[in-house]
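These notes are about the structure you will find just below.
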Number of protein chains: 2
Amino acid sequence: MSRMDAEASRAFQLLVRFFFAQREQLPPPGDELELSPAQCHVLHLIDPDRPMPMGRLAGTLGCDASNVTGLVDRLEARALVRRRPSADDRRVKVIQLTPAGSRLRAQMLRRMTSGSCRLSRLSARDQQALVRILEALVGDQ
Amino acid sequence: MSRMDAEASRAFQLLVRFFFAQREQLPPPGDELELSPAQCHVLHLIDPDRPMPMGRLAGTLGCDASNVTGLVDRLEARALVRRRPSADDRRVKVIQLTPAGSRLRAQMLRRMTSGSCRLSRLSARDQQALVRILEALVGDQ
DNA sequence: GCGCATTGCTTTAGTTTGTCAACTATTGAG
DNA sequence: CTCAATAGTTGACAAACTAAAGCAATGCGC
């Protein structure tokens, strides 16, 4: 394994570890939030101001479309999300946060990135560097 | 939301996106590897030279111990992993890669961190910075 | 030594997550 | 209009996960 690959391998390992560590402080179990990790991700991905078609959701989550159907079913049953037919294409259904969903999302984001959280204990410099590097990694879109 | 929190929130969002993007290139479906994401993570976490007790596995994955039982069951059924009683404490079972498991792990790591992969397209400088920051984040252990 | 709470793992039962294949409805190309 | 492609749903099933109960080993207090 070359020098670069070793570095990449280590970075990858650390990213995975960080991901799981972060998961711990996701849904304080027994809380009224009570969202599964997958549901958190869906909620996280939908900007309150920019509803998202289910297909794009499946694409971003890297999973089957039929899986998204189930996820959205459960979120819709809890009135956190609404299916709306697209004006452009009647096959498409756009997922929109309800006010309750929007509130819950904000609360979740606050909880994950404030005070007690690992991320906010980094120096401002390191936080910016991290964001810059990650943006390069995901292609920014 | 303060300046710092915005940065942390963005970093978190990017991390999740990277995680899902990376997942795409995990198990080329229909491949002989044929590992589920969860199985990949277990395999990834076990260093061939340093077997790991199930409890620590559960801790790192941030999931219930009984879940790890199932994961290890399936890996053991495919002879990628072995349960061995610990010498120190007979309650503990340490998980050890078999030669086949070790080979598969190496192959997986190679595939995820070489050439085509996003991580290896970062500059060496950025790779090192990323590793340094992530180490601070996960506490290094 | 003896009790007794604790720890590490498994089992059972139940939900959620995820895949695949088949289906419906809509779209768009020819 | 015909036909292939696309968006989403359904049904059947495997895998991932949790909570609760249970078992064996540990270790602490006495």
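Residues in the structure tokens are named by chain (A, B, ... in the order shown) and by number from 1 within that chain; ligands are numbered from 1 in the order shown.
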Considering only C-alpha atoms (C1' of nucleotides), return as a short mmCIF file (atom, residue, chain, number, x, y, z; two decimals) with all heavy atoms, in the first residue's frame whatever protein or nucleic-acid residues lie within 12 Å of DA20 (chain D), sequence-local ones (same chain, fewer than 5 positions apart) excluded.
data_model
loop_
_atom_site.label_atom_id
_atom_site.label_comp_id
_atom_site.auth_asym_id
_atom_site.auth_seq_id
_atom_site.Cartn_x
_atom_site.Cartn_y
_atom_site.Cartn_z
N SER B 66 -27.08 -7.36 21.18
CA SER B 66 -27.78 -8.48 20.54
C SER B 66 -27.74 -8.35 19.02
O SER B 66 -27.81 -9.35 18.31
CB SER B 66 -29.23 -8.53 21.00
OG SER B 66 -29.92 -7.37 20.63
P DT C 11 -27.96 -18.26 20.87
OP1 DT C 11 -27.77 -19.72 20.88
OP2 DT C 11 -27.67 -17.47 19.66
"O5'" DT C 11 -29.47 -17.96 21.31
"C5'" DT C 11 -29.91 -18.36 22.60
"C4'" DT C 11 -31.31 -17.85 22.87
"O4'" DT C 11 -31.26 -16.47 23.28
"C3'" DT C 11 -32.27 -17.91 21.67
"O3'" DT C 11 -33.39 -18.68 22.06
"C2'" DT C 11 -32.62 -16.46 21.39
"C1'" DT C 11 -32.34 -15.78 22.72
N1 DT C 11 -31.91 -14.35 22.65
C2 DT C 11 -32.58 -13.42 23.41
O2 DT C 11 -33.54 -13.69 24.12
N3 DT C 11 -32.08 -12.14 23.30
C4 DT C 11 -31.02 -11.72 22.52
O4 DT C 11 -30.67 -10.56 22.52
C5 DT C 11 -30.37 -12.75 21.76
C7 DT C 11 -29.20 -12.41 20.89
C6 DT C 11 -30.84 -14.01 21.85
P DT C 12 -34.52 -19.14 21.05
OP1 DT C 12 -35.04 -20.43 21.56
OP2 DT C 12 -34.01 -19.04 19.67
"O5'" DT C 12 -35.65 -18.05 21.25
"C5'" DT C 12 -36.07 -17.70 22.56
"C4'" DT C 12 -37.05 -16.55 22.52
"O4'" DT C 12 -36.34 -15.30 22.55
"C3'" DT C 12 -37.94 -16.52 21.28
"O3'" DT C 12 -39.29 -16.40 21.70
"C2'" DT C 12 -37.46 -15.30 20.50
"C1'" DT C 12 -36.93 -14.42 21.62
N1 DT C 12 -35.87 -13.44 21.22
C2 DT C 12 -35.93 -12.16 21.74
O2 DT C 12 -36.79 -11.79 22.49
N3 DT C 12 -34.91 -11.34 21.33
C4 DT C 12 -33.88 -11.66 20.47
O4 DT C 12 -33.02 -10.85 20.18
C5 DT C 12 -33.88 -13.01 19.98
C7 DT C 12 -32.81 -13.45 19.04
C6 DT C 12 -34.88 -13.83 20.37
P DA C 13 -40.51 -16.43 20.66
OP1 DA C 13 -41.64 -17.10 21.34
OP2 DA C 13 -40.04 -16.91 19.36
"O5'" DA C 13 -40.88 -14.89 20.54
"C5'" DA C 13 -41.02 -14.11 21.72
"C4'" DA C 13 -41.34 -12.68 21.33
"O4'" DA C 13 -40.11 -11.97 21.05
"C3'" DA C 13 -42.19 -12.57 20.07
"O3'" DA C 13 -43.14 -11.52 20.24
"C2'" DA C 13 -41.18 -12.24 19.00
"C1'" DA C 13 -40.20 -11.37 19.78
N9 DA C 13 -38.87 -11.30 19.21
C8 DA C 13 -38.19 -12.28 18.54
N7 DA C 13 -37.01 -11.92 18.14
C5 DA C 13 -36.88 -10.61 18.57
C6 DA C 13 -35.85 -9.66 18.48
N6 DA C 13 -34.70 -9.91 17.87
N1 DA C 13 -36.06 -8.45 19.02
C2 DA C 13 -37.23 -8.22 19.63
N3 DA C 13 -38.27 -9.02 19.80
C4 DA C 13 -38.02 -10.22 19.24
P DG C 14 -44.27 -11.25 19.12
OP1 DG C 14 -45.53 -11.07 19.84
OP2 DG C 14 -44.12 -12.25 18.03
"O5'" DG C 14 -43.84 -9.82 18.55
"C5'" DG C 14 -43.64 -8.75 19.48
"C4'" DG C 14 -42.97 -7.60 18.77
"O4'" DG C 14 -41.57 -7.94 18.56
"C3'" DG C 14 -43.55 -7.31 17.37
"O3'" DG C 14 -44.02 -5.98 17.26
"C2'" DG C 14 -42.42 -7.54 16.43
"C1'" DG C 14 -41.18 -7.43 17.30
N9 DG C 14 -40.13 -8.25 16.75
C8 DG C 14 -40.19 -9.56 16.35
N7 DG C 14 -39.08 -9.99 15.84
C5 DG C 14 -38.23 -8.89 15.90
C6 DG C 14 -36.90 -8.74 15.48
O6 DG C 14 -36.17 -9.58 14.97
N1 DG C 14 -36.42 -7.45 15.73
C2 DG C 14 -37.15 -6.44 16.29
N2 DG C 14 -36.55 -5.27 16.45
N3 DG C 14 -38.39 -6.57 16.69
C4 DG C 14 -38.87 -7.81 16.46
#
Chain A contacts to chain B at 9 Å (only C-alpha atoms) as a PyMOL selection string: chain A and resi 1+4-21+23-24+41+44-45+60-63+109-110+112-115+118-122+124+126-140
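The chain B residues that come within 8 Å of chain C are Gly55, Ala65, Ser66, Thr69, Arg91, Val92 and Lys93 of chain B, with only C-alpha atoms (C1' of nucleotides) taken into account.
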If we count only C-alpha atoms (C1' of nucleotides), which residues of chain D reach to within 12 Å of chain A? Please list them as a list in words.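 The selection requested is DT6, DA7, DG8, DT9, DT10, DG11, DA16, DC17, DT18 and DA19 of chain D.
Annotation: chain A versus chain B, same sequence, C-alpha RMSD 0.4 Å after least-squares fit.
Residues of chain A that DSSP places in strand (DSSP E), based on the backbone of this structure, are Met52, Pro53, Val81, Arg82, Arg83, Arg84, Pro85, Lys93, Val94, Ile95, Gln96 and Leu97 of chain A.
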Please, could you write that set of residues out with N, CA and C atoms as a compact mmCIF listing (two decimals), in the first residue's frame?
# COMPACT_ATOMS: atom_id res chain seq x y z
N MET A 52 -38.55 17.97 -1.99
CA MET A 52 -37.70 17.11 -2.82
C MET A 52 -38.49 15.93 -3.37
N PRO A 53 -38.34 15.65 -4.66
CA PRO A 53 -39.01 14.47 -5.23
C PRO A 53 -38.44 13.19 -4.62
N VAL A 81 -44.28 15.16 7.36
CA VAL A 81 -43.94 15.27 5.95
C VAL A 81 -45.22 15.09 5.14
N ARG A 82 -45.26 15.66 3.94
CA ARG A 82 -46.44 15.53 3.10
C ARG A 82 -46.04 15.18 1.69
N ARG A 83 -46.79 14.30 1.04
CA ARG A 83 -46.58 14.02 -0.38
C ARG A 83 -47.41 15.00 -1.19
N ARG A 84 -46.76 15.68 -2.14
CA ARG A 84 -47.52 16.57 -3.00
C ARG A 84 -47.22 16.23 -4.44
N PRO A 85 -48.25 16.16 -5.28
CA PRO A 85 -48.02 15.87 -6.70
C PRO A 85 -47.24 17.02 -7.33
N LYS A 93 -43.85 12.63 -7.11
CA LYS A 93 -44.40 13.17 -5.88
C LYS A 93 -43.29 13.88 -5.12
N VAL A 94 -43.59 15.09 -4.72
CA VAL A 94 -42.61 15.91 -4.03
C VAL A 94 -42.87 15.83 -2.54
N ILE A 95 -41.79 15.65 -1.78
CA ILE A 95 -41.92 15.54 -0.33
C ILE A 95 -41.63 16.88 0.31
N GLN A 96 -42.54 17.28 1.17
CA GLN A 96 -42.47 18.60 1.77
C GLN A 96 -42.57 18.46 3.28
N LEU A 97 -41.78 19.22 4.01
CA LEU A 97 -41.90 19.19 5.46
C LEU A 97 -43.17 19.90 5.89
Residues near Leu43 (chain A), cut-off 9 Å, only C-alpha atoms (C1' of nucleotides), skip fewer than 6 positions along chain, as a PyMOL selection string: chain A and resi 75+80-81+97+101-102+104-105
Keeping C-alpha atoms for every residue in the selection just given, could you write it to a file as a CSV table (one decimal), in the first residue's frame?
chain,number,residue,atom,x,y,z
A,75,LEU,CA,-42.9,10.0,8.4
A,80,LEU,CA,-43.8,15.3,9.7
A,81,VAL,CA,-43.9,15.3,6.0
A,97,LEU,CA,-41.9,19.2,5.5
A,101,GLY,CA,-41.5,18.4,10.6
A,102,SER,CA,-39.7,21.6,10.0
A,104,LEU,CA,-38.5,18.8,14.6
A,105,ARG,CA,-35.7,19.1,12.0
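Going from CA of Asp73 (chain B) to CA of Asp88 (chain B) covers 22.8 Å.
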Quick one: DSSP alpha helix (DSSP H) residues in region 28-70 of chain B, as an MDAnalysis selection string? chainID B and resid 37:45 54:61 65:70
Restricting it to N, CA and C atoms, dump the selection as a compact mmCIF listing (two decimals), in the first residue's frame.
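Saved file result05.txt follows:
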# COMPACT_ATOMS: atom_id res chain seq x y z
N PRO B 37 -23.64 -3.35 3.87
CA PRO B 37 -22.91 -2.25 4.50
C PRO B 37 -22.53 -2.57 5.95
N ALA B 38 -23.47 -3.08 6.71
CA ALA B 38 -23.18 -3.36 8.12
C ALA B 38 -22.05 -4.38 8.24
N GLN B 39 -22.08 -5.40 7.41
CA GLN B 39 -21.03 -6.41 7.45
C GLN B 39 -19.68 -5.81 7.07
N CYS B 40 -19.70 -4.93 6.09
CA CYS B 40 -18.47 -4.23 5.72
C CYS B 40 -17.90 -3.49 6.92
N HIS B 41 -18.77 -2.83 7.67
CA HIS B 41 -18.27 -2.06 8.79
C HIS B 41 -17.64 -2.95 9.85
N VAL B 42 -18.29 -4.07 10.12
CA VAL B 42 -17.72 -4.99 11.09
C VAL B 42 -16.35 -5.45 10.63
N LEU B 43 -16.30 -5.91 9.39
CA LEU B 43 -15.03 -6.39 8.84
C LEU B 43 -13.97 -5.30 8.91
N HIS B 44 -14.40 -4.09 8.63
CA HIS B 44 -13.48 -2.96 8.61
C HIS B 44 -12.92 -2.70 10.00
N LEU B 45 -13.75 -2.89 10.99
CA LEU B 45 -13.35 -2.53 12.36
C LEU B 45 -12.40 -3.53 12.99
N MET B 54 -16.75 -8.68 21.42
CA MET B 54 -18.02 -8.28 20.84
C MET B 54 -18.54 -6.99 21.46
N GLY B 55 -18.33 -6.84 22.74
CA GLY B 55 -18.82 -5.66 23.43
C GLY B 55 -18.26 -4.38 22.86
N ARG B 56 -16.97 -4.41 22.58
CA ARG B 56 -16.34 -3.21 22.05
C ARG B 56 -16.84 -2.93 20.63
N LEU B 57 -17.11 -4.00 19.91
CA LEU B 57 -17.70 -3.87 18.58
C LEU B 57 -19.04 -3.15 18.68
N ALA B 58 -19.87 -3.60 19.61
CA ALA B 58 -21.17 -2.96 19.80
C ALA B 58 -21.00 -1.50 20.17
N GLY B 59 -20.03 -1.24 21.04
CA GLY B 59 -19.79 0.14 21.45
C GLY B 59 -19.40 1.02 20.27
N THR B 60 -18.47 0.55 19.45
CA THR B 60 -18.01 1.35 18.33
C THR B 60 -19.09 1.54 17.28
N LEU B 61 -19.91 0.50 17.09
CA LEU B 61 -20.98 0.62 16.10
C LEU B 61 -22.16 1.40 16.67
N ALA B 65 -25.97 -4.91 21.81
CA ALA B 65 -25.11 -6.10 21.77
C ALA B 65 -25.78 -7.25 21.01
N SER B 66 -27.08 -7.36 21.18
CA SER B 66 -27.78 -8.48 20.54
C SER B 66 -27.74 -8.35 19.02
N ASN B 67 -27.62 -7.13 18.56
CA ASN B 67 -27.50 -6.92 17.12
C ASN B 67 -26.16 -7.47 16.62
N VAL B 68 -25.12 -7.22 17.39
CA VAL B 68 -23.79 -7.70 17.02
C VAL B 68 -23.79 -9.23 16.97
N THR B 69 -24.50 -9.85 17.90
CA THR B 69 -24.61 -11.31 17.85
C THR B 69 -25.04 -11.77 16.46
N GLY B 70 -26.09 -11.14 15.94
CA GLY B 70 -26.59 -11.52 14.63
C GLY B 70 -25.59 -11.25 13.52
Enter the distance from CA of Pro48 (chain A) to CA of Pro99 (chain A), in Å, rounded to one decimal.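 Computing it gives 8.6 Å between the two atoms.
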Interatomic distance, CA of Met108 (chain B) to CA of Arg125 (chain B) (Å, one decimal):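 Answer for the CA of Met108 (chain B) to CA of Arg125 (chain B) separation: 24.7 Å.
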